[in-house]
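*Asks:* Handing you a structure now.
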Amino acid sequence: MISFPQELQAARLRLVKDRPYLASAAWALQPVQKTEIPTMAVDMFWRLYYNPAVVSKWTVEEISGVLYHEICHLLRDHSGRMKDFDPHLSNICADAEIND
């Protein structure tokens, strides 16, 4: 069984408390530690990539907000819908759509 680091687990619980309709999505995320990424990211397989050095500096509320953002990518199927486009540009566009 894969376990969430303490900071991510607390943020996931906070997210589910604030937005219970996202509980299934929040519990489906599979954490993968990855120091090469600047913050967090998800892929089409519901893996949550996170940088532990960055996550350890954020508050639970900040991490919860980022988890919400990453779940929004998954629920909108951004990876599937943008697979034929430039990855960098499509991520900018998808972020803009979520953060509007």
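Residue names in the structure tokens use chain letters A, B, ... in the order shown, residue numbers from 1 in each chain, and ligand numbers from 1 in the order shown.
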Run DSSP on the backbone of this structure and report the residues of chain A it assigns to alpha helix (DSSP H), as a ChimeraX atom specification.
*Replies:* /A:6-18,23-28,52-55,60-75,78-81,87-98
*Asks:* Please list as a compact mmCIF listing (two decimals) with all heavy atoms, in the first residue's frame every residue within 10 Å of Arg47 of chain A, counting only C-alpha atoms and excluding residues in the same chain fewer than 2 positions away.
*Replies:*
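Once everything was written out, this is out_4.txt:
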# COMPACT_ATOMS: atom_id res chain seq x y z
N ALA A 28 -8.20 8.76 -4.59
CA ALA A 28 -7.68 7.99 -5.72
C ALA A 28 -6.23 8.35 -6.06
O ALA A 28 -5.55 7.57 -6.73
CB ALA A 28 -8.57 8.18 -6.94
N LEU A 29 -5.76 9.49 -5.64
CA LEU A 29 -4.41 9.92 -5.97
C LEU A 29 -3.36 8.98 -5.38
O LEU A 29 -3.45 8.57 -4.22
CB LEU A 29 -4.15 11.34 -5.44
CG LEU A 29 -4.97 12.46 -6.07
CD1 LEU A 29 -4.74 13.75 -5.30
CD2 LEU A 29 -4.63 12.63 -7.54
N GLN A 30 -2.36 8.67 -6.18
CA GLN A 30 -1.25 7.80 -5.76
C GLN A 30 0.03 8.65 -5.71
O GLN A 30 0.49 9.12 -6.76
CB GLN A 30 -1.07 6.64 -6.74
CG GLN A 30 -2.28 5.74 -6.83
CD GLN A 30 -2.60 5.08 -5.51
OE1 GLN A 30 -1.74 4.51 -4.87
NE2 GLN A 30 -3.84 5.17 -5.09
N PRO A 31 0.60 8.87 -4.54
CA PRO A 31 1.76 9.76 -4.43
C PRO A 31 3.04 9.16 -4.99
O PRO A 31 3.31 7.98 -4.82
CB PRO A 31 1.88 9.97 -2.92
CG PRO A 31 1.34 8.72 -2.33
CD PRO A 31 0.21 8.29 -3.25
N VAL A 32 3.79 10.00 -5.66
CA VAL A 32 5.10 9.61 -6.19
C VAL A 32 6.07 10.76 -5.90
O VAL A 32 5.90 11.86 -6.41
CB VAL A 32 5.06 9.35 -7.71
CG1 VAL A 32 6.44 9.00 -8.24
CG2 VAL A 32 4.04 8.28 -8.05
N ALA A 41 2.43 17.70 -9.68
CA ALA A 41 1.85 17.43 -10.99
C ALA A 41 1.09 16.11 -10.90
O ALA A 41 1.29 15.33 -9.96
CB ALA A 41 2.95 17.34 -12.05
N VAL A 42 0.23 15.88 -11.87
CA VAL A 42 -0.49 14.61 -11.97
C VAL A 42 -0.36 14.08 -13.39
O VAL A 42 -0.06 14.83 -14.31
CB VAL A 42 -1.99 14.75 -11.61
CG1 VAL A 42 -2.17 15.01 -10.13
CG2 VAL A 42 -2.67 15.84 -12.43
N ASP A 43 -0.60 12.79 -13.53
CA ASP A 43 -0.65 12.22 -14.87
C ASP A 43 -2.00 11.52 -15.05
O ASP A 43 -2.81 11.47 -14.11
CB ASP A 43 0.53 11.29 -15.15
CG ASP A 43 0.54 10.02 -14.31
OD1 ASP A 43 -0.49 9.67 -13.69
OD2 ASP A 43 1.59 9.36 -14.27
N MET A 44 -2.23 11.01 -16.24
CA MET A 44 -3.53 10.42 -16.56
C MET A 44 -3.85 9.17 -15.75
O MET A 44 -4.97 8.71 -15.73
CB MET A 44 -3.61 10.10 -18.06
CG MET A 44 -2.69 8.98 -18.48
SD MET A 44 -2.87 8.48 -20.20
CE MET A 44 -2.43 9.95 -21.06
N PHE A 45 -2.86 8.65 -15.05
CA PHE A 45 -3.06 7.44 -14.24
C PHE A 45 -3.31 7.78 -12.77
O PHE A 45 -3.23 6.92 -11.91
CB PHE A 45 -1.85 6.52 -14.38
CG PHE A 45 -1.58 6.15 -15.81
CD1 PHE A 45 -0.51 6.69 -16.48
CD2 PHE A 45 -2.44 5.29 -16.49
CE1 PHE A 45 -0.26 6.36 -17.81
CE2 PHE A 45 -2.20 4.96 -17.82
CZ PHE A 45 -1.12 5.50 -18.47
N TYR A 49 2.63 13.52 -8.47
CA TYR A 49 4.06 13.72 -8.31
C TYR A 49 4.27 14.95 -7.43
O TYR A 49 3.63 15.97 -7.63
CB TYR A 49 4.72 13.94 -9.67
CG TYR A 49 4.53 12.77 -10.60
CD1 TYR A 49 3.52 12.78 -11.56
CD2 TYR A 49 5.34 11.64 -10.50
CE1 TYR A 49 3.32 11.69 -12.40
CE2 TYR A 49 5.15 10.55 -11.33
CZ TYR A 49 4.14 10.59 -12.28
OH TYR A 49 3.95 9.52 -13.10
N TYR A 50 5.16 14.81 -6.45
CA TYR A 50 5.38 15.93 -5.55
C TYR A 50 6.86 16.04 -5.21
O TYR A 50 7.59 15.05 -5.17
CB TYR A 50 4.56 15.79 -4.27
CG TYR A 50 5.01 14.63 -3.39
CD1 TYR A 50 5.90 14.84 -2.35
CD2 TYR A 50 4.57 13.34 -3.64
CE1 TYR A 50 6.33 13.78 -1.56
CE2 TYR A 50 5.00 12.28 -2.86
CZ TYR A 50 5.88 12.50 -1.83
OH TYR A 50 6.31 11.46 -1.05
*Asks:* Restricting the calculation to only C-alpha atoms, which member of A:Gly80, A:Arg14, A:Asp86, A:Val66 is positioned closest to Ile98 of chain A?
*Replies:* A:Val66
*Asks:* With a distance cut-off of 10 Å and only C-alpha atoms, select the neighbouring residues of segment 15-24 of chain A, excluding the residue or stretch itself and same-chain residues fewer than 4 positions from it, and output the selection as a list in words.
*Replies:*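 Everything that qualifies: Gln9, Ala10, Ala11, Ala28, Leu29, Val60, Glu61, Ile63, Ser64, Gly65, Val66, Leu67, Tyr68, Ile71, Cys72 and Leu75 of chain A.
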